[in-house]
Structures are given as C-alpha cells and as structure tokens.
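Enquirer: target_27.txt is reproduced below (compact mmCIF, N, CA and C atoms).
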# COMPACT_ATOMS: atom_id res chain seq x y z
N ARG A 1 3.18 4.52 -3.29
CA ARG A 1 3.33 4.02 -1.94
C ARG A 1 2.11 4.41 -1.13
N HIS A 2 1.56 3.50 -0.36
CA HIS A 2 0.35 3.74 0.42
C HIS A 2 0.72 3.89 1.90
N LEU A 3 0.30 5.00 2.52
CA LEU A 3 0.55 5.23 3.94
C LEU A 3 -0.66 4.83 4.75
N PRO A 4 -0.45 4.25 5.93
CA PRO A 4 -1.60 3.89 6.77
C PRO A 4 -2.32 5.14 7.24
N ALA A 5 -3.61 5.00 7.45
CA ALA A 5 -4.42 6.13 7.91
C ALA A 5 -3.95 6.57 9.30
N GLN A 6 -3.88 7.86 9.48
CA GLN A 6 -3.48 8.43 10.76
C GLN A 6 -4.72 8.65 11.62
N PRO A 7 -4.60 8.45 12.94
CA PRO A 7 -5.76 8.72 13.80
C PRO A 7 -6.12 10.20 13.76
N MET A 8 -7.39 10.47 13.89
CA MET A 8 -7.86 11.86 13.89
C MET A 8 -7.33 12.56 15.13
N ARG A 9 -6.82 13.76 14.96
CA ARG A 9 -6.27 14.52 16.08
C ARG A 9 -7.19 15.68 16.43
N THR A 10 -7.22 15.99 17.70
CA THR A 10 -7.98 17.17 18.11
C THR A 10 -7.10 18.39 17.92
N SER A 11 -7.72 19.54 17.89
CA SER A 11 -6.95 20.76 17.72
C SER A 11 -6.03 20.96 18.91
N ARG A 12 -4.95 21.67 18.69
CA ARG A 12 -4.00 21.93 19.78
C ARG A 12 -4.68 22.63 20.93
N CYS A 13 -5.54 23.60 20.63
CA CYS A 13 -6.19 24.36 21.70
C CYS A 13 -7.10 23.47 22.54
N ALA A 14 -7.90 22.64 21.89
CA ALA A 14 -8.80 21.77 22.63
C ALA A 14 -8.01 20.77 23.45
N ALA A 15 -6.98 20.19 22.85
CA ALA A 15 -6.16 19.23 23.59
C ALA A 15 -5.46 19.91 24.76
N HIS A 16 -4.97 21.10 24.54
CA HIS A 16 -4.29 21.84 25.61
C HIS A 16 -5.26 22.15 26.75
N GLY A 17 -6.48 22.53 26.42
CA GLY A 17 -7.48 22.83 27.45
C GLY A 17 -7.79 21.61 28.29
N ASP A 18 -7.96 20.45 27.63
CA ASP A 18 -8.22 19.21 28.36
C ASP A 18 -7.04 18.84 29.24
N LEU A 19 -5.83 18.99 28.71
CA LEU A 19 -4.63 18.70 29.47
C LEU A 19 -4.52 19.64 30.67
N ALA A 20 -4.79 20.91 30.45
CA ALA A 20 -4.71 21.90 31.53
C ALA A 20 -5.71 21.58 32.64
N ARG A 21 -6.94 21.19 32.25
CA ARG A 21 -7.94 20.84 33.27
C ARG A 21 -7.52 19.59 34.03
N ALA A 22 -6.97 18.60 33.34
CA ALA A 22 -6.52 17.38 34.00
C ALA A 22 -5.36 17.70 34.95
N PHE A 23 -4.46 18.56 34.50
CA PHE A 23 -3.33 18.96 35.34
C PHE A 23 -3.83 19.69 36.58
N ALA A 24 -4.79 20.57 36.42
CA ALA A 24 -5.33 21.33 37.56
C ALA A 24 -5.96 20.39 38.57
N THR A 25 -6.66 19.39 38.10
CA THR A 25 -7.30 18.44 39.00
C THR A 25 -6.25 17.68 39.80
N ARG A 26 -5.17 17.31 39.14
CA ARG A 26 -4.13 16.52 39.78
C ARG A 26 -3.28 17.35 40.74
N THR A 27 -3.03 18.61 40.44
CA THR A 27 -2.10 19.41 41.23
C THR A 27 -2.76 20.45 42.11
N GLY A 28 -3.98 20.85 41.79
CA GLY A 28 -4.64 21.89 42.55
C GLY A 28 -4.28 23.28 42.08
N ARG A 29 -3.68 23.40 40.90
CA ARG A 29 -3.28 24.72 40.40
C ARG A 29 -4.50 25.57 40.11
N GLY A 30 -4.60 26.70 40.78
CA GLY A 30 -5.80 27.53 40.72
C GLY A 30 -5.97 28.39 39.50
N ASP A 31 -4.92 28.59 38.70
CA ASP A 31 -5.09 29.44 37.52
C ASP A 31 -5.79 28.71 36.40
N VAL A 32 -5.95 27.41 36.54
CA VAL A 32 -6.65 26.62 35.54
C VAL A 32 -8.06 26.30 36.00
N ASP A 33 -8.20 26.00 37.29
CA ASP A 33 -9.50 25.64 37.86
C ASP A 33 -10.14 26.90 38.43
N THR A 34 -10.93 27.58 37.62
CA THR A 34 -11.47 28.88 38.02
C THR A 34 -12.87 28.82 38.61
N ASP A 35 -13.42 27.64 38.83
CA ASP A 35 -14.77 27.51 39.36
C ASP A 35 -14.83 27.74 40.87
N LYS A 36 -13.70 27.83 41.51
CA LYS A 36 -13.68 27.95 42.96
C LYS A 36 -13.85 29.39 43.41
N GLU A 37 -14.44 29.53 44.58
CA GLU A 37 -14.53 30.84 45.20
C GLU A 37 -13.18 31.14 45.83
N GLN A 38 -12.67 32.33 45.57
CA GLN A 38 -11.35 32.69 46.07
C GLN A 38 -11.45 33.57 47.31
N ILE A 39 -10.42 33.51 48.11
CA ILE A 39 -10.25 34.36 49.28
C ILE A 39 -10.08 35.81 48.77
N ASP A 40 -10.59 36.79 49.51
CA ASP A 40 -10.44 38.17 49.03
C ASP A 40 -8.98 38.62 49.13
N GLU A 41 -8.64 39.66 48.38
CA GLU A 41 -7.26 40.09 48.21
C GLU A 41 -6.56 40.43 49.53
N THR A 42 -7.20 41.22 50.37
CA THR A 42 -6.59 41.63 51.63
C THR A 42 -6.32 40.44 52.53
N ARG A 43 -7.31 39.57 52.65
CA ARG A 43 -7.16 38.37 53.49
C ARG A 43 -6.08 37.44 52.93
N PHE A 44 -6.04 37.31 51.61
CA PHE A 44 -5.01 36.48 50.98
C PHE A 44 -3.62 36.96 51.38
N HIS A 45 -3.37 38.25 51.19
CA HIS A 45 -2.04 38.78 51.51
C HIS A 45 -1.72 38.62 52.99
N ASP A 46 -2.68 38.90 53.87
CA ASP A 46 -2.46 38.76 55.31
C ASP A 46 -2.11 37.32 55.67
N LYS A 47 -2.92 36.38 55.24
CA LYS A 47 -2.71 34.97 55.59
C LYS A 47 -1.44 34.41 54.96
N ALA A 48 -1.18 34.74 53.71
CA ALA A 48 0.02 34.24 53.05
C ALA A 48 1.28 34.82 53.71
N ASP A 49 1.27 36.12 53.98
CA ASP A 49 2.43 36.75 54.63
C ASP A 49 2.68 36.17 56.02
N GLN A 50 1.62 35.95 56.79
CA GLN A 50 1.76 35.35 58.12
C GLN A 50 2.38 33.96 58.03
N THR A 51 1.91 33.18 57.09
CA THR A 51 2.40 31.81 56.94
C THR A 51 3.86 31.79 56.50
N LEU A 52 4.20 32.59 55.50
CA LEU A 52 5.59 32.62 55.03
C LEU A 52 6.52 33.12 56.13
N SER A 53 6.10 34.13 56.89
CA SER A 53 6.90 34.64 57.99
C SER A 53 7.09 33.59 59.08
N ARG A 54 6.02 32.86 59.39
CA ARG A 54 6.10 31.82 60.42
C ARG A 54 7.08 30.72 60.00
N LEU A 55 7.01 30.28 58.75
CA LEU A 55 7.94 29.26 58.25
C LEU A 55 9.37 29.78 58.30
N HIS A 56 9.57 30.99 57.80
CA HIS A 56 10.90 31.60 57.80
C HIS A 56 11.47 31.70 59.21
N ASP A 57 10.69 32.27 60.12
CA ASP A 57 11.17 32.50 61.48
C ASP A 57 11.50 31.20 62.20
N ALA A 58 10.68 30.18 62.02
CA ALA A 58 10.92 28.89 62.66
C ALA A 58 12.22 28.26 62.16
N LEU A 59 12.43 28.30 60.86
CA LEU A 59 13.65 27.71 60.30
C LEU A 59 14.88 28.55 60.61
N ASP A 60 14.74 29.85 60.58
CA ASP A 60 15.85 30.74 60.89
C ASP A 60 16.29 30.58 62.35
N THR A 61 15.33 30.50 63.25
CA THR A 61 15.62 30.34 64.67
C THR A 61 16.26 28.99 64.97
N ALA A 62 15.88 27.96 64.21
CA ALA A 62 16.41 26.61 64.44
C ALA A 62 17.90 26.49 64.11
N GLU A 63 18.40 27.38 63.26
CA GLU A 63 19.82 27.38 62.88
C GLU A 63 20.30 25.99 62.50
N LEU A 64 19.63 25.38 61.54
CA LEU A 64 19.96 24.03 61.09
C LEU A 64 21.23 24.03 60.24
N ASP A 65 22.15 23.13 60.55
CA ASP A 65 23.42 23.07 59.83
C ASP A 65 23.27 22.75 58.34
N ASP A 66 22.22 22.02 57.99
CA ASP A 66 22.02 21.63 56.59
C ASP A 66 21.43 22.75 55.73
N ILE A 67 21.00 23.84 56.36
CA ILE A 67 20.46 24.98 55.61
C ILE A 67 21.57 26.01 55.43
N ASP A 68 21.90 26.28 54.18
CA ASP A 68 22.96 27.24 53.85
C ASP A 68 22.45 28.67 53.94
N ASP A 69 21.22 28.91 53.45
CA ASP A 69 20.68 30.27 53.45
C ASP A 69 19.16 30.20 53.45
N ILE A 70 18.56 31.14 54.14
CA ILE A 70 17.10 31.26 54.14
C ILE A 70 16.77 32.74 54.01
N ALA A 71 15.86 33.05 53.11
CA ALA A 71 15.50 34.45 52.88
C ALA A 71 14.02 34.56 52.57
N LEU A 72 13.42 35.62 53.09
CA LEU A 72 12.04 35.96 52.79
C LEU A 72 12.04 37.37 52.23
N ASP A 73 11.67 37.48 50.96
CA ASP A 73 11.71 38.77 50.29
C ASP A 73 10.52 38.90 49.36
N ASP A 74 9.69 39.90 49.62
CA ASP A 74 8.57 40.24 48.75
C ASP A 74 7.67 39.05 48.42
N GLY A 75 7.32 38.28 49.46
CA GLY A 75 6.40 37.18 49.27
C GLY A 75 7.02 35.90 48.75
N VAL A 76 8.35 35.82 48.75
CA VAL A 76 9.04 34.62 48.28
C VAL A 76 9.99 34.14 49.38
N LEU A 77 9.76 32.92 49.85
CA LEU A 77 10.63 32.29 50.84
C LEU A 77 11.54 31.32 50.11
N SER A 78 12.85 31.54 50.23
CA SER A 78 13.84 30.67 49.60
C SER A 78 14.66 29.99 50.68
N ILE A 79 14.80 28.69 50.56
CA ILE A 79 15.58 27.90 51.50
C ILE A 79 16.62 27.14 50.68
N LYS A 80 17.89 27.48 50.87
CA LYS A 80 18.97 26.82 50.12
C LYS A 80 19.70 25.89 51.08
N LEU A 81 19.87 24.67 50.63
CA LEU A 81 20.53 23.66 51.45
C LEU A 81 22.02 23.58 51.14
N GLU A 82 22.79 23.14 52.13
CA GLU A 82 24.23 22.93 51.94
C GLU A 82 24.49 21.95 50.81
N SER A 83 23.60 20.98 50.65
CA SER A 83 23.76 19.95 49.61
C SER A 83 23.51 20.47 48.20
N GLY A 84 23.01 21.70 48.10
CA GLY A 84 22.76 22.30 46.79
C GLY A 84 21.30 22.38 46.39
N GLY A 85 20.43 21.62 47.04
CA GLY A 85 19.00 21.69 46.74
C GLY A 85 18.39 22.96 47.29
N SER A 86 17.22 23.30 46.80
CA SER A 86 16.55 24.49 47.33
C SER A 86 15.03 24.32 47.28
N PHE A 87 14.38 25.02 48.20
CA PHE A 87 12.94 25.09 48.30
C PHE A 87 12.54 26.53 47.98
N VAL A 88 11.45 26.70 47.26
CA VAL A 88 10.91 28.03 47.01
C VAL A 88 9.42 27.97 47.33
N ILE A 89 8.98 28.86 48.20
CA ILE A 89 7.58 28.93 48.61
C ILE A 89 7.16 30.38 48.41
N ASN A 90 6.16 30.60 47.56
CA ASN A 90 5.80 31.99 47.26
C ASN A 90 4.30 32.22 47.14
N LYS A 91 3.93 33.46 47.38
CA LYS A 91 2.55 33.90 47.15
C LYS A 91 2.33 34.00 45.65
N HIS A 92 1.19 33.55 45.20
CA HIS A 92 0.83 33.72 43.79
C HIS A 92 -0.51 34.43 43.76
N PHE A 93 -0.44 35.75 43.59
CA PHE A 93 -1.64 36.57 43.71
C PHE A 93 -2.72 36.22 42.71
N ALA A 94 -2.36 35.96 41.46
CA ALA A 94 -3.36 35.72 40.42
C ALA A 94 -4.29 34.56 40.78
N THR A 95 -3.75 33.55 41.43
CA THR A 95 -4.57 32.38 41.82
C THR A 95 -4.95 32.42 43.29
N ARG A 96 -4.37 33.37 44.02
CA ARG A 96 -4.56 33.49 45.47
C ARG A 96 -4.20 32.17 46.15
N GLN A 97 -3.04 31.68 45.77
CA GLN A 97 -2.51 30.45 46.33
C GLN A 97 -1.08 30.67 46.79
N ILE A 98 -0.58 29.71 47.55
CA ILE A 98 0.85 29.62 47.82
C ILE A 98 1.37 28.51 46.92
N TRP A 99 2.39 28.84 46.16
CA TRP A 99 3.02 27.87 45.27
C TRP A 99 4.31 27.40 45.94
N TYR A 100 4.58 26.10 45.80
CA TYR A 100 5.67 25.45 46.52
C TYR A 100 6.48 24.61 45.53
N ALA A 101 7.79 24.71 45.64
CA ALA A 101 8.67 23.86 44.83
C ALA A 101 9.77 23.32 45.74
N SER A 102 9.97 22.01 45.68
CA SER A 102 11.01 21.39 46.49
C SER A 102 11.69 20.30 45.68
N PRO A 103 12.92 19.95 46.07
CA PRO A 103 13.60 18.86 45.37
C PRO A 103 12.98 17.49 45.68
N VAL A 104 12.10 17.43 46.66
CA VAL A 104 11.46 16.17 47.04
C VAL A 104 10.10 16.01 46.35
N SER A 105 9.22 16.98 46.51
CA SER A 105 7.85 16.87 45.98
C SER A 105 7.64 17.52 44.63
N GLY A 106 8.56 18.33 44.19
CA GLY A 106 8.35 19.08 42.95
C GLY A 106 7.44 20.26 43.21
N ALA A 107 6.57 20.57 42.26
CA ALA A 107 5.68 21.73 42.37
C ALA A 107 4.33 21.31 42.94
N LEU A 108 3.88 22.07 43.96
CA LEU A 108 2.56 21.86 44.55
C LEU A 108 1.91 23.22 44.77
N TYR A 109 0.58 23.21 44.91
CA TYR A 109 -0.19 24.44 45.01
C TYR A 109 -1.14 24.34 46.19
N PHE A 110 -1.20 25.41 46.99
CA PHE A 110 -1.97 25.40 48.23
C PHE A 110 -3.00 26.52 48.24
N SER A 111 -4.23 26.17 48.57
CA SER A 111 -5.32 27.13 48.67
C SER A 111 -5.70 27.28 50.13
N TYR A 112 -6.12 28.50 50.50
CA TYR A 112 -6.50 28.75 51.89
C TYR A 112 -7.89 28.19 52.14
N THR A 113 -8.02 27.40 53.22
CA THR A 113 -9.28 26.72 53.51
C THR A 113 -10.03 27.34 54.67
N GLY A 114 -9.54 28.45 55.19
CA GLY A 114 -10.18 29.08 56.34
C GLY A 114 -9.37 28.93 57.60
N ASP A 115 -8.54 27.88 57.66
CA ASP A 115 -7.67 27.74 58.82
C ASP A 115 -6.28 27.23 58.46
N SER A 116 -6.08 26.83 57.20
CA SER A 116 -4.75 26.38 56.78
C SER A 116 -4.64 26.44 55.26
N TRP A 117 -3.41 26.29 54.78
CA TRP A 117 -3.14 26.23 53.35
C TRP A 117 -3.10 24.74 52.98
N LEU A 118 -4.01 24.31 52.12
CA LEU A 118 -4.18 22.90 51.80
C LEU A 118 -3.83 22.62 50.34
N CYS A 119 -3.06 21.55 50.13
CA CYS A 119 -2.79 21.04 48.78
C CYS A 119 -3.89 20.04 48.47
N GLU A 120 -4.80 20.39 47.58
CA GLU A 120 -5.91 19.51 47.26
C GLU A 120 -5.45 18.22 46.61
N ALA A 121 -4.37 18.27 45.84
CA ALA A 121 -3.89 17.08 45.16
C ALA A 121 -3.43 16.01 46.15
N ARG A 122 -2.92 16.44 47.30
CA ARG A 122 -2.42 15.48 48.28
C ARG A 122 -3.22 15.46 49.57
N GLY A 123 -4.10 16.43 49.77
CA GLY A 123 -4.90 16.46 50.99
C GLY A 123 -4.09 16.76 52.23
N GLU A 124 -2.99 17.50 52.07
CA GLU A 124 -2.10 17.80 53.19
C GLU A 124 -1.84 19.30 53.26
N THR A 125 -1.50 19.76 54.45
CA THR A 125 -1.23 21.18 54.64
C THR A 125 0.18 21.54 54.20
N LEU A 126 0.39 22.82 53.97
CA LEU A 126 1.70 23.32 53.59
C LEU A 126 2.75 22.97 54.65
N GLU A 127 2.43 23.23 55.91
CA GLU A 127 3.40 22.97 56.98
C GLU A 127 3.78 21.49 57.04
N HIS A 128 2.80 20.61 56.86
CA HIS A 128 3.08 19.17 56.90
C HIS A 128 4.04 18.78 55.78
N ILE A 129 3.76 19.26 54.57
CA ILE A 129 4.59 18.89 53.42
C ILE A 129 5.98 19.51 53.53
N VAL A 130 6.07 20.77 53.96
CA VAL A 130 7.39 21.40 54.11
C VAL A 130 8.23 20.58 55.10
N ARG A 131 7.64 20.25 56.24
CA ARG A 131 8.38 19.48 57.25
C ARG A 131 8.80 18.12 56.70
N ALA A 132 7.87 17.39 56.10
CA ALA A 132 8.16 16.05 55.58
C ALA A 132 9.26 16.09 54.52
N ASP A 133 9.19 17.05 53.61
CA ASP A 133 10.20 17.17 52.56
C ASP A 133 11.55 17.58 53.15
N LEU A 134 11.54 18.55 54.03
CA LEU A 134 12.78 19.06 54.61
C LEU A 134 13.48 18.00 55.45
N VAL A 135 12.72 17.22 56.20
CA VAL A 135 13.31 16.17 57.04
C VAL A 135 14.05 15.13 56.20
N LYS A 136 13.57 14.88 54.99
CA LYS A 136 14.25 13.92 54.12
C LYS A 136 15.64 14.38 53.72
N LEU A 137 15.84 15.68 53.67
CA LEU A 137 17.14 16.24 53.26
C LEU A 137 17.92 16.83 54.42
N CYS A 138 17.21 17.11 55.51
CA CYS A 138 17.78 17.77 56.69
C CYS A 138 17.11 17.15 57.92
N PRO A 139 17.58 15.97 58.37
CA PRO A 139 16.89 15.26 59.45
C PRO A 139 16.65 16.08 60.72
N ALA A 140 17.51 17.03 61.02
CA ALA A 140 17.35 17.84 62.22
C ALA A 140 16.09 18.71 62.17
N ALA A 141 15.51 18.89 60.99
CA ALA A 141 14.30 19.71 60.85
C ALA A 141 13.10 19.04 61.50
N ALA A 142 13.21 17.78 61.89
CA ALA A 142 12.10 17.08 62.54
C ALA A 142 11.70 17.77 63.85
N ASP A 143 12.64 18.49 64.46
CA ASP A 143 12.36 19.17 65.73
C ASP A 143 11.83 20.58 65.57
N VAL A 144 11.73 21.07 64.33
CA VAL A 144 11.26 22.43 64.08
C VAL A 144 9.74 22.47 64.21
N SER A 145 9.24 23.45 64.94
CA SER A 145 7.81 23.62 65.12
C SER A 145 7.34 24.84 64.34
N PHE A 146 6.42 24.61 63.40
CA PHE A 146 5.84 25.71 62.64
C PHE A 146 4.61 26.19 63.34
As structure tokens, please, write out the structure in this file.
Expert:
Amino acid sequence: RHLPAQPMRTSRCAAHGDLARAFATRTGRGDVDTDKEQIDETRFHDKADQTLSRLHDALDTAELDDIDDIALDDGVLSIKLESGGSFVINKHFATRQIWYASPVSGALYFSYTGDSWLCEARGETLEHIVRADLVKLCPAAADVSF
C-alpha cells in the first residue's frame, strides 16, 4: 500500500516560537515580546497599585446592583457579577503589565505608556475597555467614573 507524501513539518520548538511571537503581536503579551523597554520595578508597582485601587474604589462606591462582589487583594482585582460572570484584573510583575480577563473581551494585556495602561492589540486604555465590557453586562456602570 502506498501512502501519499506528508508535508514537511517544522520542529515543535520552532513552530511554538513562531506561534508565540504571532500571539504576542496580536495580544500585546509582554512575556513573549521582550524587545520593549520596561517600566522600572518601583514605578510599575506604584502605577499598577494606583490603577487597581482607583478601579476598585470607583466600582465599590457606585454600589451597582449587578455586581455581587468586588475585592482587591495583593494586586488582583476581582469583580463578580450577579449573573455569574467575573472580571479579573491583576498586576503581572514578570512582564510589568496589567493582565485583564473578562467574559466580554477575554484575555488582554496592558503596558504602561507614561500616562495610561494601553492594550497594544486594541489601541485602547484599560479604563476604556473595563467600562465598555462592564456596561455590556451591567448597564448602570455607564455612570461610573474611573
């Protein structure tokens, strides 16, 4: 029995590296794209903590009925909705980014640009994306000011 010739395959490592670089370009994930200059450690923690606290305090003060629980603990902001969905926004020290996960946008990565946390894949700030995603599931969040 004669089998048709199979296409030549690249090694798993080479293919994985290419995939990782393509993924980094699309998402802005900083642990793969290491050519960028990073914010220094002290400034990273200061800016990330300020941002997470500001988001937490604004949502906590708003007392939105659609939010079941909101917590900020050790660099991780968790927002649980009455509907069962949840948002997780956290500092990621290794990449010096803020990592974001939501039931609307999925996973996104934000780098500090000197005045805001920017998602390079979408060209939008963290606050803009949090508000836009949250409003889709919790319309009253449109009045929240970060």
Enquirer: Which residue, A:Val88, A:Val135, A:Leu72, A:Ala94, has the smallest gap to A:Ser53 when you use only C-alpha atoms?
Expert: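 The shortest atom-to-atom distance to A:Ser53 comes from A:Leu72.
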Enquirer: I want to know what sits within 8 Å of A:Ile79, based on only C-alpha atoms, with residues of the same chain fewer than 6 positions away left out; could you give that as a ChimeraX atom specification?
Expert: /A:67-71,86-88
Enquirer: So that I can check the surroundings of A:Ser116, please list as a PyMOL selection string every protein, DNA and RNA residue that reaches within 9 Å of it, counting only C-alpha atoms and ignoring chain neighbours fewer than 5 positions away.
Expert: chain A and resi 47+51+111+125-127
Enquirer: For those residues, write N, CA and C atoms to a file as a short mmCIF file (atom, residue, chain, number, x, y, z; two decimals), in the coordinates of the input.
Expert:
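Okay, this is what ended up in selection10.cif:
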data_model
loop_
_atom_site.label_atom_id
_atom_site.label_comp_id
_atom_site.auth_asym_id
_atom_site.auth_seq_id
_atom_site.Cartn_x
_atom_site.Cartn_y
_atom_site.Cartn_z
N LYS A 47 -2.92 36.38 55.24
CA LYS A 47 -2.71 34.97 55.59
C LYS A 47 -1.44 34.41 54.96
N THR A 51 1.91 33.18 57.09
CA THR A 51 2.40 31.81 56.94
C THR A 51 3.86 31.79 56.50
N SER A 111 -4.23 26.17 48.57
CA SER A 111 -5.32 27.13 48.67
C SER A 111 -5.70 27.28 50.13
N THR A 125 -1.50 19.76 54.45
CA THR A 125 -1.23 21.18 54.64
C THR A 125 0.18 21.54 54.20
N LEU A 126 0.39 22.82 53.97
CA LEU A 126 1.70 23.32 53.59
C LEU A 126 2.75 22.97 54.65
N GLU A 127 2.43 23.23 55.91
CA GLU A 127 3.40 22.97 56.98
C GLU A 127 3.78 21.49 57.04
#
Enquirer: Excluding A:Ala62 and any residue of its chain fewer than 5 positions from it, enumerate the residues within 8 Å of it, using only N, CA and C atoms, and give them as a list in words.
Expert: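 So the residues in contact are His56, Asp57, Asp143, Val144 and Ser145 of chain A.
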Enquirer: Residues of stretch 32-84 of chain A classed as strand (DSSP E or B) by DSSP on the backbone are to be reported as a list of chain:residue names.
Expert: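 Result set for stretch 32-84 of chain A (strand (DSSP E or B)): A:Ile67, A:Asp68, A:Asp69, A:Ile70, A:Ala71, A:Leu72, A:Asp73, A:Val76, A:Leu77, A:Ser78, A:Ile79, A:Lys80, A:Leu81.
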Enquirer: Of the residues A:Gly123, A:Gly114, A:Gly106, A:Pro139, which is the one nearest to A:Gln38, using only C-alpha atoms?
Expert: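 Of the candidates, the smallest distance to A:Gln38 is held by A:Gly114.
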Enquirer: Per DSSP on the backbone, filter stretch 31-142 of chain A down to the residues in alpha helix (DSSP H) and report them as a PyMOL selection string.
Expert: chain A and resi 41-62+126-137
Enquirer: Rank A:Asp115, A:Asp65, A:Asp73, A:Glu124 by their smallest atom-to-atom distance to A:Ala141, using only C-alpha atoms, and report the top residue only.
Expert: A:Asp65
Enquirer: Could you tell me which of A:Leu64, A:Ala58, A:Ala142, A:Leu52 comes closest to A:Tyr100 if we count only C-alpha atoms?
Expert: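 The answer is A:Leu52, which sits nearest to A:Tyr100.
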Enquirer: Rounded to one decimal in Å, what is the spacing between atom CA of A:Asp60 and atom CA of A:Arg43?
Expert: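 Separating atom CA of A:Asp60 from atom CA of A:Arg43 is a distance of 25.3 Å.
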Enquirer: Please define a box with edges along x, y and z of the file around all atoms of stretch 70-81 of chain A given in the file, extend it by 4 Å on each side, and return its centre and edge lengths in Å to one decimal, as lines of an AutoDock Vina configuration file.
Expert:
center_x = 14.2
center_y = 31.9
center_z = 51.2
size_x = 23.6
size_y = 24.7
size_z = 13.9
Enquirer: Please report the interatomic distance between atom CA of A:Ala48 and atom CA of A:Val130 in Å with one decimal.
Expert: 14.8 Å
Enquirer: Rounded to one decimal in Å, what is the spacing between atom N of A:Gln97 and atom C of A:Leu55?
Expert: 17.7 Å
Enquirer: Measuring atom to atom with all atoms listed in the file, identify which of A:Leu59, A:Arg96, A:Gly85, A:Val76 is nearest to A:Glu41.
Expert: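 Using all atoms listed in the file, A:Glu41 sits closest to A:Arg96.
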